[in-house]
Amino acid sequence: MEFLNQNTPIHLVNGVNIPCIGYGTWQTPAGEVAAASVRAALEAGYRHIDAASAYGNEEGVGEGIQTSGVRRDEIFLTSKLNNPDHGYEQTKRAFAESLKALKTDYLDLYLIHWPNPISCRNNWEEMNAATWKAMEELYESGQIKAIGVSNFRQHHFEALAKTANVAPMVNQISLSPGLTQTSICSYCQEHGMVMEAYSPLGTGRILQLEEMRYFAEKYNHSIAQICIRWSLQMGFIPLPKSINASRIRENINVFDFKLSDEDVSTIASIQAGSVARDPDTINF
Ligand code: A2P
């Protein structure tokens, strides 16, 4: 696929378009830092913001959007259902709270953040079924333009499929050089889902890898830019996080070069030491 800029659309299965790079907000401090960095991202040209209730900074993200001067309908805004909020009624309530914090009246994408929170380890299947029913209703009513999940593995999808009327459109997982999660990506793509990559820089760790320096020099771009470009060419939507205006700009300056297919596969198999958290044993 040809990528022209950070807002080149990727098509979801229901026809909704999602810009090919999103601005990540995990680990962004709440309040003014979140607001200022979201403003910086919008000023830099990002039109896709990835938020979550669990990040504790939705108020700041909403403030940043509201004070950016960019119209809400020009922005693709995602949020996620927090772990303690699984269940039908709780989902409706948590969704309304996220809307309020984000100062908006709809979301472009809403995701179940984790399939198996510690609070429902014994009945996660039923809880996901009830949660998904609420999300389907919010989707049908137009308050959410697309619905999906995060950190799901195949057995979580198979359980959800028993009761779902609308199939998840997105799975957002940890994807970065050396962490390609190939079997779950293939499963999702075969089932019509788009993959989103959180921590596309390996939360910054990959930037220290000597092997990545070789590619940075070869393509005359930073290691962060190599990671983000690699993610796009792998077919993922990268969601790089930064609170620094110049790094925010750097991370979308990835459209004036292309990695060779051979380098894409070498980068995929780099030993970065990253592992995805097991969604069935997380302690939150
Ligand atoms: P900062 O917010 O100070 O820029 P990930 O997106 O994989 O979670 O990685 C985020 C981490 O990488 C943060 O620590 C962020 O720090 C840092 N980071 C983001 N972009 C860059 C960049 N272009 N160069 C160096 N570090 C970066």
# chains A, B, ... in the order shown; residues from 1 in each chain; ligands from 1

call {"tool": "select_by_dssp", "arguments": {"residues": "range 40-123 of chain A", "states": "alpha helix (DSSP H)", "output": "compact mmCIF listing (two decimals) with N, CA and C atoms, in the first residue's frame"}}
result
# COMPACT_ATOMS: atom_id res chain seq x y z
N ALA A 40 0.10 19.77 20.54
CA ALA A 40 1.31 19.72 19.69
C ALA A 40 1.13 18.68 18.59
N ALA A 41 0.52 17.55 18.94
CA ALA A 41 0.31 16.50 17.93
C ALA A 41 -0.64 16.99 16.84
N LEU A 42 -1.72 17.65 17.24
CA LEU A 42 -2.67 18.13 16.24
C LEU A 42 -2.04 19.21 15.38
N GLU A 43 -1.21 20.05 16.02
CA GLU A 43 -0.53 21.09 15.26
C GLU A 43 0.46 20.46 14.26
N ALA A 44 1.09 19.38 14.67
CA ALA A 44 2.05 18.70 13.79
C ALA A 44 1.34 18.01 12.62
N GLU A 58 -7.65 11.25 30.27
CA GLU A 58 -8.64 11.62 29.24
C GLU A 58 -9.07 13.08 29.34
N GLU A 59 -9.15 13.61 30.59
CA GLU A 59 -9.52 15.02 30.75
C GLU A 59 -8.54 15.91 29.99
N GLY A 60 -7.26 15.66 30.19
CA GLY A 60 -6.22 16.46 29.53
C GLY A 60 -6.26 16.28 28.02
N VAL A 61 -6.48 15.04 27.59
CA VAL A 61 -6.56 14.77 26.14
C VAL A 61 -7.73 15.57 25.55
N GLY A 62 -8.87 15.53 26.24
CA GLY A 62 -10.05 16.26 25.78
C GLY A 62 -9.80 17.77 25.74
N GLU A 63 -9.11 18.25 26.76
CA GLU A 63 -8.75 19.68 26.82
C GLU A 63 -7.86 20.05 25.62
N GLY A 64 -6.90 19.17 25.34
CA GLY A 64 -5.99 19.43 24.21
C GLY A 64 -6.75 19.50 22.89
N ILE A 65 -7.69 18.58 22.72
CA ILE A 65 -8.49 18.58 21.48
C ILE A 65 -9.32 19.87 21.40
N GLN A 66 -9.98 20.15 22.53
CA GLN A 66 -10.90 21.30 22.54
C GLN A 66 -10.20 22.63 22.28
N TYR A 88 -22.51 -5.08 31.18
CA TYR A 88 -23.42 -4.30 30.32
C TYR A 88 -23.64 -2.87 30.83
N GLU A 89 -24.16 -2.76 32.06
CA GLU A 89 -24.46 -1.42 32.60
C GLU A 89 -23.18 -0.61 32.79
N GLN A 90 -22.17 -1.30 33.32
CA GLN A 90 -20.90 -0.61 33.61
C GLN A 90 -20.29 -0.04 32.33
N THR A 91 -20.41 -0.79 31.24
CA THR A 91 -19.84 -0.32 29.97
C THR A 91 -20.54 0.96 29.52
N LYS A 92 -21.86 0.97 29.62
CA LYS A 92 -22.61 2.18 29.21
C LYS A 92 -22.18 3.38 30.06
N ARG A 93 -22.03 3.11 31.37
CA ARG A 93 -21.66 4.20 32.28
C ARG A 93 -20.23 4.67 31.98
N ALA A 94 -19.31 3.72 31.85
CA ALA A 94 -17.91 4.07 31.62
C ALA A 94 -17.75 4.82 30.28
N PHE A 95 -18.52 4.39 29.29
CA PHE A 95 -18.46 5.05 27.98
C PHE A 95 -18.90 6.51 28.13
N ALA A 96 -20.00 6.72 28.87
CA ALA A 96 -20.50 8.10 29.07
C ALA A 96 -19.45 8.93 29.81
N GLU A 97 -18.77 8.32 30.77
CA GLU A 97 -17.73 9.05 31.51
C GLU A 97 -16.55 9.42 30.61
N SER A 98 -16.18 8.48 29.73
CA SER A 98 -15.09 8.79 28.80
C SER A 98 -15.48 9.94 27.86
N LEU A 99 -16.73 9.91 27.37
CA LEU A 99 -17.18 11.01 26.51
C LEU A 99 -17.07 12.34 27.23
N LYS A 100 -17.51 12.34 28.49
CA LYS A 100 -17.51 13.59 29.27
C LYS A 100 -16.07 14.08 29.45
N ALA A 101 -15.19 13.16 29.86
CA ALA A 101 -13.79 13.55 30.09
C ALA A 101 -13.15 14.06 28.80
N LEU A 102 -13.49 13.42 27.70
CA LEU A 102 -12.88 13.79 26.41
C LEU A 102 -13.60 14.97 25.76

call {"tool": "residues_near_ligand", "arguments": {"ligand": "ligand 1", "cutoff": "9 Å", "atoms": "only C-alpha atoms and all ligand atoms", "output": "PyMOL selection string"}}
result
chain A and resi 23-28+174-176+197-207+222-225+238-251

call {"tool": "residues_around", "arguments": {"residues": "Thr8 in chain A", "least_positions_apart": "6", "cutoff": "12 Å", "atoms": "only C-alpha atoms", "output": "number ranges by chain"}}
result
A: 1-2, 17-22, 45-48, 232, 237, 252, 255

call {"tool": "closest_residue", "arguments": {"among": "A:Ile226, A:Leu179, A:Leu259, A:Ile112", "to": "Val275 in chain A", "atoms": "only C-alpha atoms"}}
result
A:Leu179

call {"tool": "atom_distance", "arguments": {"atom1": "CA of Glu125 in chain A", "atom2": "CA of Val16 in chain A"}}
result
27.7 Å

call {"tool": "atom_distance", "arguments": {"atom1": "CA of Pro168 in chain A", "atom2": "CA of Ala146 in chain A"}}
result
8.4 Å

call {"tool": "atom_distance", "arguments": {"atom1": "CA of Ile49 in chain A", "atom2": "CA of Val13 in chain A"}}
result
19.9 Å

call {"tool": "closest_atom_pairs", "arguments": {"of": "range 86-121 of chain A", "to": "range 152-166 of chain A", "cutoff": "12 Å", "atoms": "only C-alpha atoms", "output": "JSON lines"}}
result
{"residue": "A:Leu111", "atom": "CA", "partner": "A:Phe152", "partner_atom": "CA", "distance": 10.5}
{"residue": "A:Ile112", "atom": "CA", "partner": "A:Phe152", "partner_atom": "CA", "distance": 8.9}
{"residue": "A:His113", "atom": "CA", "partner": "A:Phe152", "partner_atom": "CA", "distance": 8.7}
{"residue": "A:Trp114", "atom": "CA", "partner": "A:Phe152", "partner_atom": "CA", "distance": 6.8}
{"residue": "A:Pro115", "atom": "CA", "partner": "A:Phe152", "partner_atom": "CA", "distance": 5.8}
{"residue": "A:Asn116", "atom": "CA", "partner": "A:His156", "partner_atom": "CA", "distance": 8.5}
{"residue": "A:Pro117", "atom": "CA", "partner": "A:Phe152", "partner_atom": "CA", "distance": 11.6}

call {"tool": "write_last_selection", "arguments": {"atoms": "C-alpha atoms", "output": "PDB file, in the first residue's frame"}}
result
ATOM      1  CA  LEU A 111     -12.089  -0.894  22.435  1.00  0.00           C
ATOM      2  CA  ILE A 112     -12.288  -3.447  25.228  1.00  0.00           C
ATOM      3  CA  HIS A 113      -8.869  -2.730  26.738  1.00  0.00           C
ATOM      4  CA  TRP A 114      -8.115  -6.236  28.110  1.00  0.00           C
ATOM      5  CA  PRO A 115     -10.078  -9.490  27.618  1.00  0.00           C
ATOM      6  CA  ASN A 116      -9.557 -10.968  31.051  1.00  0.00           C
ATOM      7  CA  PRO A 117      -9.291  -8.462  33.907  1.00  0.00           C
TER       8      PRO A 117
END

call {"tool": "closest_residue", "arguments": {"among": "A:Glu136, A:Tyr219, A:Thr180, A:Ile118", "to": "Ser265 in chain A", "atoms": "only C-alpha atoms"}}
result
A:Thr180

call {"tool": "residues_around", "arguments": {"residues": "Gln189 in chain A", "least_positions_apart": "6", "cutoff": "10 Å", "atoms": "only C-alpha atoms", "output": "short mmCIF file (atom, residue, chain, number, x, y, z; two decimals) with all heavy atoms, in the first residue's frame"}}
result
data_model
loop_
_atom_site.label_atom_id
_atom_site.label_comp_id
_atom_site.auth_asym_id
_atom_site.auth_seq_id
_atom_site.Cartn_x
_atom_site.Cartn_y
_atom_site.Cartn_z
N MET A 169 -13.60 -4.94 14.86
CA MET A 169 -13.00 -4.40 13.64
C MET A 169 -11.52 -4.13 13.78
O MET A 169 -10.81 -3.93 12.79
CB MET A 169 -13.73 -3.09 13.28
CG MET A 169 -15.21 -3.33 13.00
SD MET A 169 -16.19 -1.84 13.17
CE MET A 169 -17.84 -2.57 13.22
N VAL A 170 -11.06 -4.09 15.03
CA VAL A 170 -9.66 -3.73 15.32
C VAL A 170 -9.19 -4.59 16.49
O VAL A 170 -9.97 -4.89 17.40
CB VAL A 170 -9.59 -2.23 15.76
CG1 VAL A 170 -8.26 -1.89 16.39
CG2 VAL A 170 -9.87 -1.31 14.58
N ASN A 171 -7.92 -4.99 16.46
CA ASN A 171 -7.27 -5.50 17.68
C ASN A 171 -5.99 -4.69 17.87
O ASN A 171 -5.14 -4.64 16.98
CB ASN A 171 -6.94 -7.00 17.56
CG ASN A 171 -6.46 -7.61 18.89
OD1 ASN A 171 -6.61 -7.01 19.95
ND2 ASN A 171 -5.91 -8.81 18.83
N SER A 183 1.05 -15.09 14.91
CA SER A 183 -0.14 -15.94 14.78
C SER A 183 -1.41 -15.15 15.09
O SER A 183 -2.41 -15.28 14.39
CB SER A 183 -0.01 -17.22 15.61
OG SER A 183 -0.11 -16.92 16.96
N MET A 195 -4.92 -4.29 12.50
CA MET A 195 -4.06 -4.36 13.68
C MET A 195 -3.51 -2.97 14.00
O MET A 195 -2.98 -2.29 13.13
CB MET A 195 -2.85 -5.29 13.43
CG MET A 195 -3.20 -6.71 13.12
SD MET A 195 -4.32 -7.49 14.30
CE MET A 195 -3.32 -7.53 15.79
N GLY A 235 1.82 -3.46 7.90
CA GLY A 235 0.36 -3.44 7.84
C GLY A 235 -0.28 -3.08 9.16
O GLY A 235 -1.49 -3.27 9.34
#

call {"tool": "select_by_dssp", "arguments": {"residues": "range 8-257 of chain A", "states": "strand (DSSP E)", "output": "VMD selection string"}}
result
chain A and resid 9 to 11 17 to 19 23 to 24 48 to 50 76 to 81 109 to 112 147 to 150 170 to 174 194 to 198 236 to 238

call {"tool": "closest_residue", "arguments": {"among": "A:Glu126, A:Asp108, A:Asp256, A:Glu196", "to": "Gln181 in chain A", "atoms": "only C-alpha atoms"}}
result
A:Glu196
